[in-house]
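Enquirer: See final00.pdb below, with PDB, C-alpha atoms (C1' of nucleotides) and all ligand atoms.
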ATOM      1  CA  MET R   1    -200.985 -63.364 -33.272
ATOM      2  CA  ILE R   2    -198.386 -63.393 -36.043
ATOM      3  CA  LEU R   3    -201.094 -64.302 -38.525
ATOM      4  CA  ASP R   4    -203.222 -61.452 -37.161
ATOM      5  CA  ILE R   5    -200.356 -59.004 -37.566
ATOM      6  CA  LEU R   6    -199.878 -60.024 -41.172
ATOM      7  CA  GLU R   7    -203.547 -60.332 -42.117
ATOM      8  CA  GLY R   8    -204.275 -57.460 -44.484
ATOM      9  CA  ASN R   9    -200.854 -55.946 -43.828
ATOM     10  CA  THR R  10    -199.430 -54.448 -47.025
ATOM     11  CA  THR R  11    -196.182 -53.156 -45.541
ATOM     12  CA  HIS R  12    -194.209 -56.366 -46.135
ATOM     13  CA  PRO R  13    -192.696 -56.471 -42.659
ATOM     14  CA  SER R  14    -189.445 -58.206 -41.750
ATOM     15  CA  ALA R  15    -189.007 -60.776 -38.986
ATOM     16  CA  ASN R  16    -187.663 -57.957 -36.851
ATOM     17  CA  ASP R  17    -190.727 -55.784 -37.529
ATOM     18  CA  ILE R  18    -193.004 -58.659 -36.607
ATOM     19  CA  HIS R  19    -191.051 -59.431 -33.463
ATOM     20  CA  LYS R  20    -191.299 -55.819 -32.342
ATOM     21  CA  THR R  21    -195.079 -55.978 -32.611
ATOM     22  CA  VAL R  22    -195.398 -59.381 -30.956
ATOM     23  CA  VAL R  23    -193.389 -58.417 -27.882
ATOM     24  CA  THR R  24    -195.772 -55.551 -27.118
ATOM     25  CA  LYS R  25    -198.331 -58.212 -26.186
ATOM     26  CA  TYR R  26    -196.076 -61.184 -25.337
ATOM     27  CA  PRO R  27    -192.882 -59.606 -24.037
ATOM     28  CA  THR R  28    -190.832 -62.794 -23.713
ATOM     29  CA  THR R  29    -191.330 -63.962 -27.300
ATOM     30  CA  SER R  30    -188.009 -64.898 -28.837
ATOM     31  CA  PHE R  31    -186.716 -64.451 -32.354
ATOM     32  CA  SER R  32    -186.537 -68.228 -32.624
ATOM     33  CA  THR R  33    -190.271 -68.488 -32.198
ATOM     34  CA  VAL R  34    -190.932 -65.683 -34.653
ATOM     35  CA  TYR R  35    -188.668 -67.233 -37.269
ATOM     36  CA  ASN R  36    -190.030 -70.731 -36.625
ATOM     37  CA  THR R  37    -193.608 -69.542 -36.899
ATOM     38  CA  LEU R  38    -192.952 -67.569 -40.076
ATOM     39  CA  GLU R  39    -191.197 -70.568 -41.589
ATOM     40  CA  MET R  40    -194.085 -72.842 -40.680
ATOM     41  CA  LEU R  41    -196.663 -70.429 -42.085
ATOM     42  CA  THR R  42    -194.616 -70.175 -45.254
ATOM     43  CA  ASN R  43    -194.430 -73.937 -45.595
ATOM     44  CA  VAL R  44    -198.197 -74.345 -45.294
ATOM     45  CA  GLY R  45    -198.708 -71.667 -47.942
ATOM     46  CA  GLU R  46    -200.064 -68.876 -45.741
ATOM     47  CA  LEU R  47    -197.108 -66.587 -46.443
ATOM     48  CA  ASP R  48    -194.584 -65.834 -49.123
ATOM     49  CA  LYS R  49    -191.088 -64.548 -48.578
ATOM     50  CA  ILE R  50    -189.708 -61.771 -50.670
ATOM     51  CA  CYS R  51    -186.110 -60.631 -50.689
ATOM     52  CA  ILE R  52    -184.899 -57.502 -52.394
ATOM     53  CA  LEU R  53    -181.242 -57.316 -53.314
ATOM     54  CA  GLY R  54    -179.470 -58.541 -50.252
ATOM     55  CA  ASN R  55    -181.724 -56.845 -47.763
ATOM     56  CA  VAL R  56    -183.717 -58.602 -45.107
ATOM     57  CA  ILE R  57    -186.454 -61.063 -45.943
ATOM     58  CA  LYS R  58    -189.940 -59.576 -45.958
ATOM     59  CA  TYR R  59    -193.066 -61.576 -45.238
ATOM     60  CA  GLU R  60    -195.998 -61.335 -47.561
ATOM     61  CA  PRO R  61    -199.463 -62.370 -46.358
ATOM     62  CA  ASN R  62    -201.037 -61.800 -49.750
ATOM     63  CA  THR R  63    -200.378 -64.913 -51.800
ATOM     64  CA  ASP R  64    -202.428 -63.678 -54.750
ATOM     65  CA  PRO R  65    -200.152 -63.123 -57.728
ATOM     66  CA  HIS R  66    -198.946 -59.554 -57.808
ATOM     67  CA  ALA R  67    -195.783 -57.657 -58.601
ATOM     68  CA  HIS R  68    -193.784 -55.338 -56.360
ATOM     69  CA  LEU R  69    -192.764 -51.832 -57.200
ATOM     70  CA  LEU R  70    -189.537 -50.909 -55.442
ATOM     71  CA  CYS R  71    -188.575 -47.299 -54.913
ATOM     72  CA  LYS R  72    -184.804 -46.841 -54.921
ATOM     73  CA  LYS R  73    -185.128 -43.504 -53.132
ATOM     74  CA  CYS R  74    -187.322 -44.373 -50.139
ATOM     75  CA  ASN R  75    -187.041 -48.187 -50.209
ATOM     76  CA  ARG R  76    -190.814 -48.508 -50.084
ATOM     77  CA  ILE R  77    -192.428 -51.608 -51.548
ATOM     78  CA  ILE R  78    -195.726 -51.084 -53.301
ATOM     79  CA  ASP R  79    -198.079 -53.833 -54.456
ATOM     80  CA  ILE R  80    -199.001 -53.841 -58.114
ATOM     81  CA  PHE R  81    -202.109 -55.709 -59.188
ATOM     82  CA  GLU R  82    -202.260 -54.368 -62.741
ATOM     83  CA  PRO R  83    -203.864 -56.929 -65.031
ATOM     84  CA  TYR R  84    -200.673 -56.966 -67.033
ATOM     85  CA  TYR R  85    -198.894 -58.630 -64.153
ATOM     86  CA  ALA R  86    -201.704 -60.748 -62.779
ATOM     87  CA  LYS R  87    -201.953 -64.527 -62.749
ATOM     88  CA  PRO R  88    -198.446 -65.209 -64.020
ATOM     89  CA  SER R  89    -198.354 -68.634 -62.388
ATOM     90  CA  ILE R  90    -200.327 -70.243 -65.167
ATOM     91  CA  ARG R  91    -197.793 -69.291 -67.789
ATOM     92  CA  LYS R  92    -195.691 -71.952 -69.401
ATOM     93  CA  ILE R  93    -192.361 -71.607 -71.109
ATOM     94  CA  LYS R  94    -191.646 -73.396 -74.360
ATOM     95  CA  GLN R  95    -188.138 -74.517 -73.436
ATOM     96  CA  PHE R  96    -189.321 -75.789 -70.075
ATOM     97  CA  PRO R  97    -192.795 -77.068 -70.733
ATOM     98  CA  HIS R  98    -193.732 -77.692 -67.139
ATOM     99  CA  THR R  99    -195.797 -75.455 -64.921
ATOM    100  CA  ILE R 100    -194.166 -72.678 -63.015
ATOM    101  CA  GLU R 101    -195.111 -72.849 -59.361
ATOM    102  CA  LYS R 102    -194.520 -69.288 -58.351
ATOM    103  CA  VAL R 103    -193.499 -66.030 -59.985
ATOM    104  CA  GLN R 104    -191.917 -63.022 -58.369
ATOM    105  CA  GLU R 105    -191.643 -59.780 -60.248
ATOM    106  CA  PHE R 106    -189.776 -56.762 -58.915
ATOM    107  CA  LEU R 107    -190.065 -53.412 -60.677
ATOM    108  CA  TYR R 108    -187.409 -50.866 -59.763
ATOM    109  CA  CYS R 109    -188.336 -47.218 -60.121
ATOM    110  CA  THR R 110    -188.643 -43.955 -58.247
ATOM    111  CA  CYS R 111    -192.067 -43.879 -56.642
ATOM    112  CA  ALA R 112    -194.645 -41.155 -57.283
ATOM    113  CA  SER R 113    -194.070 -39.546 -53.880
ATOM    114  CA  CYS R 114    -190.324 -39.373 -54.336
ATOM    115  CA  LEU R 115    -190.686 -37.977 -57.833
ATOM    116  CA  LYS R 116    -192.685 -35.107 -56.371
ATOM    117  CA  GLY R 117    -190.014 -34.584 -53.749
ATOM    118  CA  ARG R 118    -192.303 -35.390 -50.870
ATOM    119  CA  GLN R 119    -191.147 -38.787 -49.731
ATOM    120  CA  GLY R 120    -190.746 -39.413 -46.039
ATOM    121  CA  LYS R 121    -187.766 -40.775 -44.226
ATOM    122  CA  LYS R 122    -185.855 -43.444 -46.079
ATOM    123  CA  LEU R 123    -186.900 -46.800 -44.701
ATOM    124  CA  ALA R 124    -184.383 -49.329 -43.459
TER     125      ALA R 124
ATOM    126  CA  MET H 125    -159.906 -60.070 -64.539
ATOM    127  CA  ILE H 126    -163.259 -59.952 -62.753
ATOM    128  CA  LEU H 127    -164.861 -58.659 -65.912
ATOM    129  CA  ASP H 128    -163.203 -61.476 -67.856
ATOM    130  CA  ILE H 129    -164.518 -64.046 -65.407
ATOM    131  CA  LEU H 130    -168.032 -62.746 -65.805
ATOM    132  CA  GLU H 131    -167.952 -62.116 -69.549
ATOM    133  CA  GLY H 132    -170.269 -64.694 -71.101
ATOM    134  CA  ASN H 133    -170.641 -66.488 -67.781
ATOM    135  CA  THR H 134    -174.195 -67.752 -67.343
ATOM    136  CA  THR H 135    -173.712 -69.392 -63.955
ATOM    137  CA  HIS H 136    -174.569 -66.282 -61.922
ATOM    138  CA  PRO H 137    -171.596 -66.606 -59.560
ATOM    139  CA  SER H 138    -171.445 -65.183 -56.064
ATOM    140  CA  ALA H 139    -168.719 -62.905 -54.705
ATOM    141  CA  ASN H 140    -167.220 -65.982 -53.109
ATOM    142  CA  ASP H 141    -167.217 -67.889 -56.414
ATOM    143  CA  ILE H 142    -165.524 -64.970 -58.120
ATOM    144  CA  HIS H 143    -162.962 -64.599 -55.361
ATOM    145  CA  LYS H 144    -162.074 -68.272 -55.623
ATOM    146  CA  THR H 145    -161.309 -67.845 -59.315
ATOM    147  CA  VAL H 146    -159.405 -64.589 -58.909
ATOM    148  CA  VAL H 147    -157.034 -65.947 -56.269
ATOM    149  CA  THR H 148    -155.871 -68.703 -58.602
ATOM    150  CA  LYS H 149    -154.102 -65.993 -60.608
ATOM    151  CA  TYR H 150    -153.696 -63.242 -57.971
ATOM    152  CA  PRO H 151    -153.393 -65.122 -54.689
ATOM    153  CA  THR H 152    -153.420 -62.102 -52.375
ATOM    154  CA  THR H 153    -156.660 -60.614 -53.675
ATOM    155  CA  SER H 154    -158.932 -59.758 -50.779
ATOM    156  CA  PHE H 155    -162.694 -59.967 -50.473
ATOM    157  CA  SER H 156    -162.742 -56.201 -50.056
ATOM    158  CA  THR H 157    -161.325 -55.740 -53.510
ATOM    159  CA  VAL H 158    -163.695 -58.281 -55.022
ATOM    160  CA  TYR H 159    -166.715 -56.657 -53.392
ATOM    161  CA  ASN H 160    -165.513 -53.157 -54.217
ATOM    162  CA  THR H 161    -164.894 -54.078 -57.832
ATOM    163  CA  LEU H 162    -168.256 -55.808 -58.190
ATOM    164  CA  GLU H 163    -169.989 -52.809 -56.632
ATOM    165  CA  MET H 164    -168.187 -50.437 -58.969
ATOM    166  CA  LEU H 165    -169.015 -52.538 -62.017
ATOM    167  CA  THR H 166    -172.626 -52.634 -60.891
ATOM    168  CA  ASN H 167    -172.731 -48.871 -60.463
ATOM    169  CA  VAL H 168    -171.414 -48.247 -63.959
ATOM    170  CA  GLY H 169    -174.013 -50.630 -65.390
ATOM    171  CA  GLU H 170    -171.753 -53.512 -66.346
ATOM    172  CA  LEU H 171    -173.355 -55.910 -63.890
ATOM    173  CA  ASP H 172    -176.661 -56.588 -62.216
ATOM    174  CA  LYS H 173    -177.153 -58.146 -58.816
ATOM    175  CA  ILE H 174    -179.718 -60.820 -58.264
ATOM    176  CA  CYS H 175    -180.760 -62.201 -54.902
ATOM    177  CA  ILE H 176    -182.936 -65.258 -54.473
ATOM    178  CA  LEU H 177    -184.806 -65.653 -51.224
ATOM    179  CA  GLY H 178    -182.273 -64.697 -48.622
ATOM    180  CA  ASN H 179    -179.355 -66.468 -50.225
ATOM    181  CA  VAL H 180    -176.166 -64.847 -51.334
ATOM    182  CA  ILE H 181    -176.055 -62.165 -53.989
ATOM    183  CA  LYS H 182    -175.261 -63.402 -57.474
ATOM    184  CA  TYR H 183    -173.618 -61.281 -60.125
ATOM    185  CA  GLU H 184    -175.108 -61.104 -63.577
ATOM    186  CA  PRO H 185    -172.967 -59.956 -66.512
ATOM    187  CA  ASN H 186    -175.860 -60.095 -68.942
ATOM    188  CA  THR H 187    -177.788 -56.861 -68.543
ATOM    189  CA  ASP H 188    -180.180 -57.655 -71.380
ATOM    190  CA  PRO H 189    -183.687 -58.092 -69.993
ATOM    191  CA  HIS H 190    -184.345 -61.705 -69.172
ATOM    192  CA  ALA H 191    -186.056 -63.735 -66.502
ATOM    193  CA  HIS H 192    -184.597 -66.390 -64.212
ATOM    194  CA  LEU H 193    -185.935 -69.865 -63.773
ATOM    195  CA  LEU H 194    -185.160 -71.173 -60.309
ATOM    196  CA  CYS H 195    -185.187 -74.880 -59.612
ATOM    197  CA  LYS H 196    -186.200 -75.621 -56.034
ATOM    198  CA  LYS H 197    -184.637 -79.071 -56.217
ATOM    199  CA  CYS H 198    -181.122 -78.322 -57.462
ATOM    200  CA  ASN H 199    -180.981 -74.548 -56.846
ATOM    201  CA  ARG H 200    -179.838 -73.970 -60.388
ATOM    202  CA  ILE H 201    -180.603 -70.625 -62.021
ATOM    203  CA  ILE H 202    -181.457 -70.759 -65.707
ATOM    204  CA  ASP H 203    -181.748 -67.760 -68.000
ATOM    205  CA  ILE H 204    -185.030 -67.321 -69.820
ATOM    206  CA  PHE H 205    -185.126 -65.145 -72.904
ATOM    207  CA  GLU H 206    -188.597 -66.134 -74.066
ATOM    208  CA  PRO H 207    -190.225 -63.252 -75.945
ATOM    209  CA  TYR H 208    -192.996 -63.250 -73.399
ATOM    210  CA  TYR H 209    -190.561 -62.023 -70.783
ATOM    211  CA  ALA H 210    -188.335 -59.873 -72.931
ATOM    212  CA  LYS H 211    -187.965 -56.123 -72.845
ATOM    213  CA  PRO H 212    -190.028 -55.543 -69.738
ATOM    214  CA  SER H 213    -188.284 -52.268 -68.953
ATOM    215  CA  ILE H 214    -190.366 -50.331 -71.435
ATOM    216  CA  ARG H 215    -193.599 -51.207 -69.687
ATOM    217  CA  LYS H 216    -195.473 -48.549 -67.810
ATOM    218  CA  ILE H 217    -198.010 -48.948 -65.054
ATOM    219  CA  LYS H 218    -201.168 -46.887 -64.977
ATOM    220  CA  GLN H 219    -201.107 -46.139 -61.265
ATOM    221  CA  PHE H 220    -197.477 -45.088 -61.403
ATOM    222  CA  PRO H 221    -197.139 -43.549 -64.807
ATOM    223  CA  HIS H 222    -193.398 -43.194 -64.817
ATOM    224  CA  THR H 223    -190.879 -45.456 -66.453
ATOM    225  CA  ILE H 224    -189.643 -48.502 -64.645
ATOM    226  CA  GLU H 225    -185.877 -48.600 -64.623
ATOM    227  CA  LYS H 226    -185.322 -52.292 -64.117
ATOM    228  CA  VAL H 227    -187.391 -55.447 -63.872
ATOM    229  CA  GLN H 228    -186.467 -58.698 -62.206
ATOM    230  CA  GLU H 229    -188.580 -61.761 -62.734
ATOM    231  CA  PHE H 230    -188.014 -65.021 -60.888
ATOM    232  CA  LEU H 231    -189.866 -68.156 -61.930
ATOM    233  CA  TYR H 232    -189.889 -70.966 -59.393
ATOM    234  CA  CYS H 233    -190.249 -74.492 -60.726
ATOM    235  CA  THR H 234    -188.592 -77.872 -60.879
ATOM    236  CA  CYS H 235    -186.178 -77.841 -63.767
ATOM    237  CA  ALA H 236    -186.297 -80.272 -66.678
ATOM    238  CA  SER H 237    -183.283 -82.237 -65.415
ATOM    239  CA  CYS H 238    -184.726 -82.650 -61.946
ATOM    240  CA  LEU H 239    -188.110 -83.677 -63.342
ATOM    241  CA  LYS H 240    -186.385 -86.503 -65.161
ATOM    242  CA  GLY H 241    -184.622 -87.460 -61.963
ATOM    243  CA  ARG H 242    -181.173 -86.777 -63.325
ATOM    244  CA  GLN H 243    -180.133 -83.603 -61.618
ATOM    245  CA  GLY H 244    -176.649 -83.339 -60.244
ATOM    246  CA  LYS H 245    -175.601 -82.397 -56.764
ATOM    247  CA  LYS H 246    -177.689 -79.706 -55.142
ATOM    248  CA  LEU H 247    -175.820 -76.436 -55.429
ATOM    249  CA  ALA H 248    -175.103 -74.251 -52.445
TER     250      ALA H 248
ATOM    251  C1'  DT P 249    -200.696 -87.353 -10.937
ATOM    252  C1'  DT P 250    -197.125 -88.658 -13.822
ATOM    253  C1'  DG P 251    -194.786 -89.377 -18.010
ATOM    254  C1'  DT P 252    -193.927 -87.946 -22.657
ATOM    255  C1'  DA P 253    -193.985 -85.047 -26.600
ATOM    256  C1'  DA P 254    -194.073 -80.465 -28.416
ATOM    257  C1'  DA P 255    -193.119 -75.590 -28.122
ATOM    258  C1'  DT P 256    -190.419 -71.984 -26.420
ATOM    259  C1'  DA P 257    -186.622 -68.706 -24.788
ATOM    260  C1'  DA P 258    -182.131 -67.462 -24.449
ATOM    261  C1'  DG P 259    -178.135 -66.961 -26.308
ATOM    262  C1'  DA P 260    -174.291 -68.794 -29.132
ATOM    263  C1'  DA P 261    -172.861 -69.733 -33.833
ATOM    264  C1'  DT P 262    -172.824 -68.840 -38.645
ATOM    265  C1'  DC P 263    -171.665 -66.389 -42.504
ATOM    266  C1'  DA P 264    -172.280 -62.947 -46.256
ATOM    267  C1'  DT P 265    -171.316 -58.372 -46.467
ATOM    268  C1'  DT P 266    -169.365 -53.916 -44.938
ATOM    269  C1'  DG P 267    -166.184 -50.843 -42.592
ATOM    270  C1'  DC P 268    -161.738 -49.445 -41.159
ATOM    271  C1'  DC P 269    -157.066 -48.338 -41.635
ATOM    272  C1'  DA P 270    -152.346 -49.139 -42.517
ATOM    273  C1'  DA P 271    -149.553 -50.601 -46.307
ATOM    274  C1'  DT P 272    -148.797 -50.689 -51.080
ATOM    275  C1'  DT P 273    -148.957 -49.017 -55.616
ATOM    276  C1'  DA P 274    -149.738 -45.618 -59.247
ATOM    277  C1'  DT P 275    -149.268 -40.998 -61.018
ATOM    278  C1'  DG P 276    -147.391 -36.544 -61.642
ATOM    279  C1'  DT P 277    -143.712 -32.982 -60.671
ATOM    280  C1'  DT P 278    -139.195 -31.148 -59.863
TER     281       DT P 278
ATOM    282  C1'  DA O 279    -134.029 -40.258 -59.781
ATOM    283  C1'  DA O 280    -136.400 -38.393 -55.751
ATOM    284  C1'  DC O 281    -140.218 -36.761 -53.817
ATOM    285  C1'  DA O 282    -145.123 -35.634 -52.915
ATOM    286  C1'  DT O 283    -149.664 -36.965 -53.357
ATOM    287  C1'  DA O 284    -153.656 -39.654 -54.620
ATOM    288  C1'  DA O 285    -155.783 -44.030 -55.430
ATOM    289  C1'  DT O 286    -155.978 -48.874 -54.640
ATOM    290  C1'  DT O 287    -155.453 -52.769 -51.964
ATOM    291  C1'  DG O 288    -155.166 -56.419 -48.214
ATOM    292  C1'  DG O 289    -156.001 -57.882 -43.848
ATOM    293  C1'  DC O 290    -159.032 -58.189 -40.485
ATOM    294  C1'  DA O 291    -162.575 -56.454 -37.334
ATOM    295  C1'  DA O 292    -167.434 -55.298 -37.093
ATOM    296  C1'  DT O 293    -172.111 -55.875 -38.396
ATOM    297  C1'  DG O 294    -176.405 -57.975 -38.602
ATOM    298  C1'  DA O 295    -179.868 -61.190 -40.259
ATOM    299  C1'  DT O 296    -180.728 -65.822 -39.788
ATOM    300  C1'  DT O 297    -179.982 -70.416 -37.913
ATOM    301  C1'  DC O 298    -178.617 -73.691 -34.424
ATOM    302  C1'  DT O 299    -178.376 -75.642 -29.811
ATOM    303  C1'  DT O 300    -180.019 -76.787 -25.606
ATOM    304  C1'  DA O 301    -182.274 -76.331 -21.328
ATOM    305  C1'  DT O 302    -186.681 -75.094 -19.722
ATOM    306  C1'  DT O 303    -191.471 -74.692 -19.942
ATOM    307  C1'  DT O 304    -195.838 -75.976 -21.495
ATOM    308  C1'  DA O 305    -199.394 -79.040 -23.459
ATOM    309  C1'  DC O 306    -201.453 -83.319 -23.600
ATOM    310  C1'  DA O 307    -202.719 -87.902 -22.474
ATOM    311  C1'  DA O 308    -202.597 -92.181 -19.695
TER     312       DA O 308
HETATM  313 MN    MN R 401    -197.056 -57.607 -51.828
HETATM  314 MN    MN R 402    -179.215 -64.337 -66.013
HETATM  315 ZN    ZN R 403    -190.099 -43.469 -52.961
HETATM  316 ZN    ZN R 404    -183.172 -78.740 -60.941
END
Reformat the file's structure so that it appears as structure tokens.
Expert:
Amino acid sequence: MILDILEGNTTHPSANDIHKTVVTKYPTTSFSTVYNTLEMLTNVGELDKICILGNVIKYEPNTDPHAHLLCKKCNRIIDIFEPYYAKPSIRKIKQFPHTIEKVQEFLYCTCASCLKGRQGKKLA
Amino acid sequence: MILDILEGNTTHPSANDIHKTVVTKYPTTSFSTVYNTLEMLTNVGELDKICILGNVIKYEPNTDPHAHLLCKKCNRIIDIFEPYYAKPSIRKIKQFPHTIEKVQEFLYCTCASCLKGRQGKKLA
DNA sequence: TTGTAAATAAGAATCATTGCCAATTATGTT
DNA sequence: AACATAATTGGCAATGATTCTTATTTACAA
């Protein structure tokens, strides 16, 4: 069920978010099981973790390379698949001539909605 | 003194690291003061915060744009100033045609030392 | 059916960070 | 100097996400 929740989900939910959804169908599910399952799915490569500046860890079902746009005003996280940012994992660095396994790119800005003054409630 | 500790420091120390150094000279310094000072210095643009996958927040005195190479084996964080990664803040994205204020790029790999099997103790 | 291994739930423990407030220190004014 | 007032600080409690522990339940196989 946790995989189903995350499949196609672009909201980057936290363990708490996922737990809230799981308990609607399996009310006794514990945080341990949610964390254990998310850890296992991460280890087998189904999920990525992303962590923005000391906040909670978010779980990312989309393991295709993409960047994240972070709105300081509303805390929303928006996927960015612009070609400019795509496929960074094949890059090499001269000083460290070995392959980079994973790249995370976070772009801080004020999102389009917030710029127009029509953002919703600030997310946790 | 906190600014002095961080000036030219490329180890990306945590609040705890900084506190440990401060108390050698000012033994009564509290965590509150360390955190408050770091927050203030961040707000005035002297420092950046970086947070790697749910670990503690590290403080970055070098606000020039650069990426961070993260070794999964030894947890070391290495600055990358390769031209490829430099000056990302001037980029714009078509979908969100406003300026991006800050970019953080984290590159996960096994560092050169660890590849050669001569890495030191794994850092916290 | 019975024994064993794996998965789970419940809650305690951890620990970085924040919040609170009284005590201390700095600053400015008679 | 003496006082009033504002800002900073230190100590410690509170918070909250994550991890750990352990007993219980479930799955599986002999
Ligand atoms: Mn994403
Ligand atoms: Mn750096
Ligand atoms: Zn926004
Ligand atoms: Zn290493």
Enquirer: Based on only C-alpha atoms (C1' of nucleotides), which of the residues in chain O come within 10 Å of chain H? I want them as number ranges by chain.
Expert: O: 286-289, 295-296
Enquirer: Write out the residues from the selection above, keeping C-alpha atoms (C1' of nucleotides), as an mmCIF file, in the coordinates of the input.
Expert:
data_model
loop_
_atom_site.group_PDB
_atom_site.id
_atom_site.type_symbol
_atom_site.label_atom_id
_atom_site.label_comp_id
_atom_site.auth_asym_id
_atom_site.auth_seq_id
_atom_site.Cartn_x
_atom_site.Cartn_y
_atom_site.Cartn_z
ATOM 1 C "C1'" DT O 286 -155.978 -48.874 -54.640
ATOM 2 C "C1'" DT O 287 -155.453 -52.769 -51.964
ATOM 3 C "C1'" DG O 288 -155.166 -56.419 -48.214
ATOM 4 C "C1'" DG O 289 -156.001 -57.882 -43.848
ATOM 5 C "C1'" DA O 295 -179.868 -61.190 -40.259
ATOM 6 C "C1'" DT O 296 -180.728 -65.822 -39.788
#
Enquirer: As a check of understanding, name the residues that the PyMOL selection byres (((not hetatm)) within 7 of (chain R and resi 401)) selects in the supplied structure, as an MDAnalysis selection string.
Expert: chainID R and resid 10 12 60 62 66:68 78:79
Enquirer: Would you mind listing, as a tab-separated table (two decimals) with C-alpha atoms, in the frame of the given file, all residues of chain H that have at least one atom within 7 Å of chain R, where only C-alpha atoms are what counts?
Expert:
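out-v2.tsv, freshly written:
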chain	number	residue	atom	x	y	z
H	173	LYS	CA	-177.15	-58.15	-58.82
H	174	ILE	CA	-179.72	-60.82	-58.26
H	175	CYS	CA	-180.76	-62.20	-54.90
H	176	ILE	CA	-182.94	-65.26	-54.47
H	177	LEU	CA	-184.81	-65.65	-51.22
H	178	GLY	CA	-182.27	-64.70	-48.62
H	181	ILE	CA	-176.06	-62.16	-53.99
H	220	PHE	CA	-197.48	-45.09	-61.40
H	224	ILE	CA	-189.64	-48.50	-64.64
H	225	GLU	CA	-185.88	-48.60	-64.62
H	226	LYS	CA	-185.32	-52.29	-64.12
H	227	VAL	CA	-187.39	-55.45	-63.87
H	228	GLN	CA	-186.47	-58.70	-62.21
H	229	GLU	CA	-188.58	-61.76	-62.73
H	230	PHE	CA	-188.01	-65.02	-60.89
H	231	LEU	CA	-189.87	-68.16	-61.93
H	232	TYR	CA	-189.89	-70.97	-59.39
H	233	CYS	CA	-190.25	-74.49	-60.73
H	236	ALA	CA	-186.30	-80.27	-66.68
Enquirer: What is the atom CA of Leu3 of chain R to atom CA of Met40 of chain R distance in Å?
Expert: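 So the two atoms, atom CA of Leu3 of chain R and atom CA of Met40 of chain R, lie 11.3 Å apart.
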Enquirer: Residues of chain P within 8 Å of chain R, counting all atoms listed in the file, what are they? List them as a ChimeraX atom specification.
Expert: /P:256-258
Enquirer: Starting from the displayed file, determine the output of the PyMOL selection byres (((chain R and resi 15) around 9) and not hetatm) and express the residue list as a PyMOL selection string.
Expert: chain R and resi 13-14+16-20+31+34-35+38+56-59
Enquirer: Write the residues you've just listed into a file as an mmCIF file, in the frame of the given file, and include C-alpha atoms for each of them.
Expert:
data_model
loop_
_atom_site.group_PDB
_atom_site.id
_atom_site.type_symbol
_atom_site.label_atom_id
_atom_site.label_comp_id
_atom_site.auth_asym_id
_atom_site.auth_seq_id
_atom_site.Cartn_x
_atom_site.Cartn_y
_atom_site.Cartn_z
ATOM 1 C CA PRO R 13 -192.696 -56.471 -42.659
ATOM 2 C CA SER R 14 -189.445 -58.206 -41.750
ATOM 3 C CA ASN R 16 -187.663 -57.957 -36.851
ATOM 4 C CA ASP R 17 -190.727 -55.784 -37.529
ATOM 5 C CA ILE R 18 -193.004 -58.659 -36.607
ATOM 6 C CA HIS R 19 -191.051 -59.431 -33.463
ATOM 7 C CA LYS R 20 -191.299 -55.819 -32.342
ATOM 8 C CA PHE R 31 -186.716 -64.451 -32.354
ATOM 9 C CA VAL R 34 -190.932 -65.683 -34.653
ATOM 10 C CA TYR R 35 -188.668 -67.233 -37.269
ATOM 11 C CA LEU R 38 -192.952 -67.569 -40.076
ATOM 12 C CA VAL R 56 -183.717 -58.602 -45.107
ATOM 13 C CA ILE R 57 -186.454 -61.063 -45.943
ATOM 14 C CA LYS R 58 -189.940 -59.576 -45.958
ATOM 15 C CA TYR R 59 -193.066 -61.576 -45.238
#
Enquirer: What's the separation between atom C1' of DG267 of chain P and atom C1' of DA284 of chain O, in Å to one decimal place?
Expert: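 Between atom C1' of DG267 of chain P and atom C1' of DA284 of chain O the gap is 20.7 Å.
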Enquirer: Quick one: distance from atom C1' of DC281 of chain O to atom C1' of DC269 of chain P in Å, one decimal?
Expert: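 Distance reported for this atom pair: 23.8 Å.
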Enquirer: Could you check which of P:DA253, P:DC263, P:DC268, P:DA274 is closest to DC306 of chain O, using all atoms listed in the file?
Expert: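 That would be P:DA253, the residue with the smallest distance to DC306 of chain O.
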Enquirer: Write out as an MDAnalysis selection string which residues come within 10 Å of DA255 of chain P when counting only C-alpha atoms (C1' of nucleotides), dropping same-chain ones fewer than 3 positions away.
Expert: (chainID R and resid 33) or (chainID O and resid 303:305)
Enquirer: Give as a PDB file with C-alpha atoms (C1' of nucleotides), in the frame of the given file each residue that has an atom at most 12 Å from (-175.0, -53.9, -38.0) in the file, counting all atoms listed in the file.
Expert:
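Once written, part-v4.pdb looks like this:
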ATOM      1  CA  ALA R 124    -184.383 -49.329 -43.459  1.00  0.00           C
TER       2      ALA R 124
ATOM      3  C1'  DT P 265    -171.316 -58.372 -46.467  1.00  0.00           C
ATOM      4  C1'  DT P 266    -169.365 -53.916 -44.938  1.00  0.00           C
ATOM      5  C1'  DG P 267    -166.184 -50.843 -42.592  1.00  0.00           C
TER       6       DG P 267
ATOM      7  C1'  DA O 292    -167.434 -55.298 -37.093  1.00  0.00           C
ATOM      8  C1'  DT O 293    -172.111 -55.875 -38.396  1.00  0.00           C
ATOM      9  C1'  DG O 294    -176.405 -57.975 -38.602  1.00  0.00           C
ATOM     10  C1'  DA O 295    -179.868 -61.190 -40.259  1.00  0.00           C
TER      11       DA O 295
END
Enquirer: Hey, could you pull the box centre and edge lengths for segment 294-298 of chain O, axis-aligned, 3 Å padding per side, all listed atoms, to one decimal in Å, as AutoDock Vina command-line options?
Expert:
--center_x -178.6 --center_y -65.8 --center_z -37.3 --size_x 10.3 --size_y 21.7 --size_z 11.8
